[in-house]
file start_18.txt (compact mmCIF, C-alpha atoms)
# COMPACT_ATOMS: atom_id res chain seq x y z
CA MET A 14 -30.74 21.65 30.01
CA GLN A 15 -33.43 21.78 27.36
CA PRO A 16 -33.78 25.27 25.87
CA THR A 17 -37.06 27.11 25.63
CA PHE A 18 -37.95 28.76 22.33
CA VAL A 19 -39.66 32.12 22.91
CA LEU A 20 -41.55 33.11 19.75
CA VAL A 21 -42.35 36.75 18.95
CA HIS A 22 -44.90 37.65 16.27
CA GLY A 23 -44.91 40.46 13.76
CA ALA A 24 -47.30 43.32 12.99
CA PHE A 25 -51.05 42.64 13.18
CA ALA A 26 -50.24 39.08 14.27
CA ASN A 27 -50.38 37.25 17.60
CA SER A 28 -49.40 34.01 19.28
CA PHE A 29 -52.08 32.10 17.36
CA SER A 30 -50.02 32.12 14.17
CA PHE A 31 -47.33 30.03 15.87
CA ALA A 32 -49.64 27.09 16.66
CA PRO A 33 -48.48 24.89 13.73
CA LEU A 34 -44.82 25.62 14.48
CA GLN A 35 -45.29 24.88 18.18
CA ALA A 36 -46.97 21.59 17.34
CA GLU A 37 -44.04 20.60 15.13
CA LEU A 38 -41.49 21.68 17.74
CA GLY A 39 -43.35 19.72 20.40
CA LEU A 40 -43.37 16.59 18.27
CA LEU A 41 -39.60 16.97 17.91
CA GLY A 42 -39.29 17.20 21.68
CA HIS A 43 -38.77 20.94 22.05
CA ARG A 44 -40.36 23.36 24.51
CA SER A 45 -41.74 26.67 23.23
CA VAL A 46 -43.68 29.71 24.36
CA ALA A 47 -45.55 31.95 21.91
CA VAL A 48 -45.79 35.57 23.06
CA ASP A 49 -48.70 37.95 22.68
CA LEU A 50 -47.26 41.46 22.78
CA PRO A 51 -49.37 44.11 24.57
CA GLY A 52 -52.65 44.75 22.77
CA HIS A 53 -52.42 41.47 20.86
CA GLY A 54 -54.11 38.11 21.11
CA PHE A 55 -56.99 38.14 23.58
CA ALA A 56 -55.99 41.68 24.58
CA ALA A 57 -56.74 42.92 21.05
CA THR A 58 -59.73 45.00 20.03
CA TYR A 59 -62.13 43.61 17.44
CA PRO A 60 -64.72 46.38 17.10
CA ARG A 61 -68.31 45.31 16.58
CA ALA A 62 -68.08 47.30 13.34
CA TYR A 63 -65.46 44.76 12.18
CA GLN A 64 -68.05 41.98 12.27
CA ALA A 65 -70.33 41.12 9.33
CA PRO A 66 -72.08 43.00 7.94
CA GLN A 67 -69.33 45.53 8.44
CA ASP A 68 -69.91 49.14 9.43
CA LEU A 69 -67.01 50.85 7.69
CA GLU A 70 -67.78 54.27 9.15
CA GLY A 71 -67.88 52.82 12.64
CA LEU A 72 -64.70 50.86 12.03
CA ALA A 73 -62.91 54.07 11.10
CA THR A 74 -63.64 55.69 14.46
CA ALA A 75 -63.96 52.91 17.06
CA PRO A 76 -61.31 53.13 19.79
CA GLY A 77 -58.68 50.40 20.11
CA ALA A 78 -56.93 49.06 23.19
CA ILE A 79 -53.52 49.20 21.52
CA LYS A 80 -53.61 53.02 21.35
CA GLY A 81 -50.62 54.43 23.20
CA MET A 82 -48.74 51.13 23.33
CA THR A 83 -45.04 51.63 22.62
CA LEU A 84 -41.99 49.63 21.69
CA ALA A 85 -40.84 50.09 25.29
CA ASP A 86 -44.06 48.41 26.45
CA ASN A 87 -43.43 45.52 24.06
CA ALA A 88 -39.84 45.12 25.20
CA ALA A 89 -40.76 45.24 28.90
CA HIS A 90 -43.44 42.59 28.37
CA LEU A 91 -41.04 40.36 26.46
CA ILE A 92 -38.33 40.78 29.10
CA GLY A 93 -40.77 39.59 31.74
CA ILE A 94 -41.42 36.43 29.74
CA LEU A 95 -37.70 35.90 29.11
CA GLU A 96 -37.02 36.19 32.85
CA ARG A 97 -39.54 33.45 33.59
CA ALA A 98 -38.30 31.22 30.77
CA LYS A 99 -34.67 31.63 31.84
CA ARG A 100 -35.45 30.02 35.21
CA ASN A 101 -35.93 26.74 33.36
CA GLY A 102 -32.70 26.80 31.38
CA PRO A 103 -31.34 28.29 28.14
CA VAL A 104 -33.55 30.57 26.04
CA ILE A 105 -33.63 30.88 22.27
CA LEU A 106 -35.51 34.02 21.24
CA VAL A 107 -37.15 33.74 17.80
CA ALA A 108 -38.65 36.81 16.12
CA HIS A 109 -40.52 37.31 12.87
CA SER A 110 -40.99 40.47 10.82
CA ARG A 111 -41.70 43.53 13.00
CA GLY A 112 -41.24 41.32 16.05
CA GLY A 113 -37.52 41.64 15.40
CA VAL A 114 -37.66 45.26 16.54
CA THR A 115 -39.03 44.17 19.92
CA ALA A 116 -36.56 41.30 20.18
CA THR A 117 -33.67 43.67 19.44
CA ALA A 118 -34.85 46.16 22.07
CA ALA A 119 -35.09 43.36 24.64
CA ALA A 120 -31.63 42.09 23.67
CA ASN A 121 -30.20 45.58 24.03
CA ALA A 122 -31.58 45.77 27.56
CA ARG A 123 -31.12 42.22 28.87
CA PRO A 124 -28.64 40.15 26.88
CA ASP A 125 -28.17 37.94 29.94
CA LEU A 126 -31.61 36.43 29.37
CA ILE A 127 -30.96 35.23 25.81
CA ASP A 128 -28.68 32.36 24.80
CA ARG A 129 -29.35 32.78 21.07
CA ILE A 130 -31.46 35.23 19.10
CA VAL A 131 -33.02 34.10 15.82
CA TYR A 132 -34.46 36.49 13.23
CA VAL A 133 -36.78 34.87 10.70
CA SER A 134 -37.03 37.48 7.94
CA ALA A 135 -37.25 39.99 10.75
CA TRP A 136 -36.28 43.60 11.30
CA CYS A 137 -33.03 44.20 13.15
CA PRO A 138 -32.21 47.85 12.44
CA VAL A 139 -28.54 48.76 12.68
CA ALA A 140 -27.62 51.68 10.41
CA LEU A 141 -31.07 53.26 10.01
CA ASP A 142 -34.42 53.48 11.75
CA VAL A 143 -37.01 51.04 10.40
CA GLY A 144 -38.97 53.66 8.51
CA ASP A 145 -35.88 54.97 6.77
CA TYR A 146 -35.07 51.60 5.21
CA TYR A 147 -38.20 51.93 3.08
CA ALA A 148 -36.46 54.67 1.07
CA GLU A 149 -33.46 52.44 0.38
CA PRO A 150 -32.88 50.51 -2.89
CA GLU A 151 -33.40 47.14 -1.19
CA MET A 152 -37.03 48.05 -0.53
CA ALA A 153 -37.74 49.45 -4.01
CA THR A 154 -39.97 46.50 -4.90
CA VAL A 155 -42.16 46.95 -1.82
CA ASP A 156 -45.26 49.13 -1.98
CA PRO A 157 -45.97 50.25 1.60
CA ALA A 158 -49.23 51.75 0.34
CA SER A 159 -50.66 48.28 -0.30
CA LEU A 160 -52.03 48.21 3.24
CA ALA A 161 -53.71 51.53 2.51
CA LEU A 162 -56.10 49.72 0.18
CA ALA A 163 -57.85 48.40 3.29
CA MET A 164 -56.86 51.06 5.81
CA ALA A 165 -59.63 52.03 8.20
CA GLY A 166 -59.61 55.48 9.76
CA ASN A 167 -56.87 58.03 10.22
CA PRO A 168 -53.90 56.70 12.24
CA ALA A 169 -53.19 60.16 13.65
CA GLU A 170 -56.74 60.41 14.97
CA LEU A 171 -57.09 56.79 16.10
CA GLY A 172 -53.62 56.67 17.63
CA LEU A 173 -53.03 53.30 15.98
CA LEU A 174 -52.87 51.55 12.62
CA ARG A 175 -56.10 49.81 11.62
CA VAL A 176 -56.46 47.58 8.57
CA ASN A 177 -59.66 45.86 7.50
CA PHE A 178 -58.33 42.36 6.87
CA ARG A 179 -61.92 41.17 6.40
CA THR A 180 -62.33 43.28 3.29
CA ALA A 181 -63.80 41.67 0.18
CA ASP A 182 -62.08 44.18 -2.12
CA PRO A 183 -60.33 42.00 -4.73
CA ALA A 184 -57.54 44.54 -5.27
CA ALA A 185 -56.72 44.67 -1.57
CA LEU A 186 -56.82 40.90 -1.21
CA ALA A 187 -54.56 40.45 -4.23
CA ALA A 188 -52.08 42.95 -2.80
CA PHE A 189 -52.07 41.19 0.57
CA LYS A 190 -51.53 37.79 -1.00
CA GLU A 191 -48.68 39.02 -3.18
CA ALA A 192 -46.99 40.69 -0.21
CA PHE A 193 -47.41 37.99 2.40
CA PHE A 194 -48.31 34.58 0.98
CA ALA A 195 -47.92 34.44 -2.79
CA ASP A 196 -46.91 30.79 -2.65
CA GLY A 197 -49.94 29.70 -0.64
CA THR A 198 -53.29 28.52 -1.90
CA ASP A 199 -56.20 30.94 -1.75
CA ASP A 200 -57.66 28.95 1.13
CA GLU A 201 -54.38 29.01 3.05
CA PHE A 202 -54.06 32.73 2.46
CA LEU A 203 -57.59 33.55 3.63
CA THR A 204 -57.23 31.29 6.65
CA PHE A 205 -54.04 33.09 7.67
CA LEU A 206 -55.59 36.49 7.01
CA ASN A 207 -58.32 35.63 9.50
CA THR A 208 -55.74 35.12 12.24
CA PHE A 209 -54.65 38.76 11.87
CA GLN A 210 -56.05 41.43 14.15
CA PRO A 211 -57.09 44.80 12.76
CA ASP A 212 -55.01 47.05 15.03
CA GLU A 213 -51.27 47.63 15.44
CA ASN A 214 -49.37 50.26 17.39
CA LEU A 215 -47.53 53.10 15.73
CA ASP A 216 -44.17 52.90 17.51
CA VAL A 217 -41.34 51.13 15.66
CA GLY A 218 -38.60 52.76 17.71
CA THR A 219 -35.88 55.34 17.19
CA SER A 220 -32.13 55.27 16.69
CA ALA A 221 -31.79 54.42 20.39
CA ASP A 222 -33.52 51.12 19.71
CA ARG A 223 -31.16 49.92 17.00
CA ALA A 224 -28.90 46.95 17.72
CA GLN A 225 -26.17 47.86 20.20
CA ALA A 226 -22.78 46.19 19.97
CA ALA A 227 -22.09 46.12 23.71
CA THR A 228 -25.24 44.20 24.61
CA TRP A 229 -27.16 42.79 21.64
CA GLY A 230 -23.81 42.20 19.96
CA ARG A 231 -22.58 39.62 22.44
CA ILE A 232 -25.52 37.23 21.95
CA PRO A 233 -25.02 34.38 19.45
CA LYS A 234 -27.37 35.15 16.56
CA THR A 235 -28.92 33.45 13.57
CA TYR A 236 -30.69 34.98 10.60
CA VAL A 237 -33.13 32.74 8.73
CA ARG A 238 -33.55 34.19 5.25
CA LEU A 239 -36.88 33.61 3.51
CA ALA A 240 -35.92 33.42 -0.16
CA GLY A 241 -39.38 34.19 -1.56
CA ASP A 242 -40.31 37.01 0.79
CA THR A 243 -41.66 40.05 -1.05
CA SER A 244 -42.72 41.91 2.09
CA LEU A 245 -39.19 41.99 3.52
CA PRO A 246 -37.20 41.32 0.34
CA LEU A 247 -34.15 39.11 0.34
CA ALA A 248 -31.97 42.10 -0.57
CA LEU A 249 -33.07 43.87 2.61
CA GLN A 250 -32.62 40.75 4.72
CA ASP A 251 -29.07 40.46 3.38
CA ARG A 252 -28.39 44.11 4.11
CA LEU A 253 -29.51 43.66 7.72
CA ILE A 254 -27.19 40.66 7.99
CA ARG A 255 -24.25 42.65 6.58
CA GLU A 256 -24.90 45.57 8.91
CA GLY A 257 -25.15 43.29 11.92
CA ASP A 258 -21.91 41.54 10.98
CA ALA A 259 -20.16 44.89 10.53
CA LEU A 260 -21.36 45.98 13.98
CA THR A 261 -20.04 42.83 15.65
CA PRO A 262 -17.43 41.27 13.33
CA ASP A 263 -16.31 38.85 16.04
CA ASN A 264 -19.87 37.57 16.43
CA PRO A 265 -21.37 37.32 12.93
CA TYR A 266 -24.75 35.89 12.07
CA ASP A 267 -25.16 32.18 11.52
CA VAL A 268 -27.17 32.38 8.29
CA ARG A 269 -29.76 29.83 7.17
CA THR A 270 -32.08 30.00 4.16
CA LEU A 271 -35.58 28.63 3.67
CA GLU A 272 -37.68 28.81 0.56
CA GLY A 273 -41.02 30.53 0.70
CA SER A 274 -42.87 33.75 1.36
CA HIS A 275 -43.28 35.90 4.46
CA LEU A 276 -45.89 33.56 5.95
CA LYS A 277 -45.30 30.18 4.29
CA TRP A 278 -42.88 29.06 7.02
CA LEU A 279 -45.65 29.39 9.60
CA ALA A 280 -48.21 27.42 7.59
CA ASP A 281 -45.65 24.75 6.63
CA PRO A 282 -43.44 24.73 9.72
CA ALA A 283 -41.50 21.46 9.43
CA PRO A 284 -38.39 22.96 7.73
CA THR A 285 -38.22 25.78 10.27
CA ALA A 286 -38.67 23.40 13.18
CA ARG A 287 -35.73 21.37 11.92
CA VAL A 288 -33.55 24.51 11.72
CA LEU A 289 -34.55 25.52 15.23
CA GLY A 290 -33.87 22.01 16.44
CA ASP A 291 -30.37 22.25 15.01
CA LEU A 292 -29.84 25.50 16.93
CA ALA A 293 -31.04 23.88 20.14
CA GLY A 294 -28.46 21.18 19.49
CA LEU A 295 -25.72 23.80 19.28
CA LEU A 296 -26.57 24.91 22.82
CA THR A 297 -26.56 21.33 24.07
CA ASP A 298 -23.22 20.64 22.40
CA ALA A 299 -21.75 23.81 23.94
CA GLU A 300 -22.66 22.55 27.38
call {"tool": "encode", "arguments": {"input": "start_18.txt", "output": "structure tokens"}}
result
Amino acid sequence: MQPTFVLVHGAFANSFSFAPLQAELGLLGHRSVAVDLPGHGFAATYPRAYQAPQDLEGLATAPGAIKGMTLADNAAHLIGILERAKRNGPVILVAHSRGGVTATAAANARPDLIDRIVYVSAWCPVALDVGDYYAEPEMATVDPASLALAMAGNPAELGLLRVNFRTADPAALAAFKEAFFADGTDDEFLTFLNTFQPDENLDVGTSADRAQAATWGRIPKTYVRLAGDTSLPLALQDRLIREGDALTPDNPYDVRTLEGSHLKWLADPAPTARVLGDLAGLLTDAE
């Protein structure tokens, strides 16, 4: 049976960013579903203060619907989608960036719903919690404070992370472009930036949410390395692959590599669609 690709976005993103990839997959004959995690997509908050002209003081205090949302909420929502998709045949779960944390949590809980899990430069914590990796040598080139250049409000008071992606501050825009889309044109970068939503939840999980050998570890898995990613550097991607392989040596990652930055694969999706098509073929051949 034809597999369904279930696509999970990263931080501050939503299902909209997968539109070019879904179009390419569809033209290749593949079925896909792009997920909006709780508080994302049309459930996101875009405060009136975020509109132009912006009210920065208001933006710093306006409440957001994503407040209180947790990784458990994300995983439960994703599991519901996986259950529905599984009724139609095999499921290939594809996660990007922070979406990998949610995909891993869902895989820990319901491996029976996933026929292959694919991480595209995505977090799959094994040895450490996500936040702790930032102190490791593989993340030495990443400046987590770059988002702070456009941070709005106090996360502890808002109960969420809020970033003003509509800023005109040249330093902030330069930092964003370097981190996410250094190989894109300025127009491509600004277009993508305008698909981001300002709010993200605070919960990236605990040690209990790391990959578990008994459940996550029995799902066939692929890691798609993004060679030019400066947000999740190649060294960190390779470390996550090594740690996953050490956790389940009898079920190592199938590793693929694409050129490009953290976001380029979404704006120029043909190479990724071909890789995913190959993975769909592996399921068909296995049957």
call {"tool": "atom_distance", "arguments": {"input": "start_18.txt", "atom1": "atom CA of Ala118 of chain A", "atom2": "atom CA of Gln225 of chain A"}}
result
9.0 Å
call {"tool": "closest_residue", "arguments": {"input": "start_18.txt", "among": "A:Ala89, A:Ala293, A:Leu247, A:Ala65", "to": "Arg179 of chain A", "atoms": "all atoms listed in the file"}}
result
A:Ala65
call {"tool": "closest_residue", "arguments": {"input": "start_18.txt", "among": "A:Val288, A:Val139, A:Ala221, A:Ser244", "to": "Val155 of chain A", "atoms": "only C-alpha atoms"}}
result
A:Ser244
call {"tool": "atom_distance", "arguments": {"input": "start_18.txt", "atom1": "atom CA of Thr243 of chain A", "atom2": "atom CA of Trp278 of chain A"}}
result
13.7 Å
call {"tool": "residues_near_point", "arguments": {"input": "start_18.txt", "point": "(-40.6, 50.0, 6.6)", "cutoff": "12 Å", "atoms": "only C-alpha atoms", "output": "MDAnalysis selection string"}}
result
chainID A and resid 24 110:111 114 135:138 141:149 151:153 155:158 215:218 244:246 249
call {"tool": "atom_distance", "arguments": {"input": "start_18.txt", "atom1": "atom CA of Val19 of chain A", "atom2": "atom CA of Ala98 of chain A"}}
result
8.0 Å
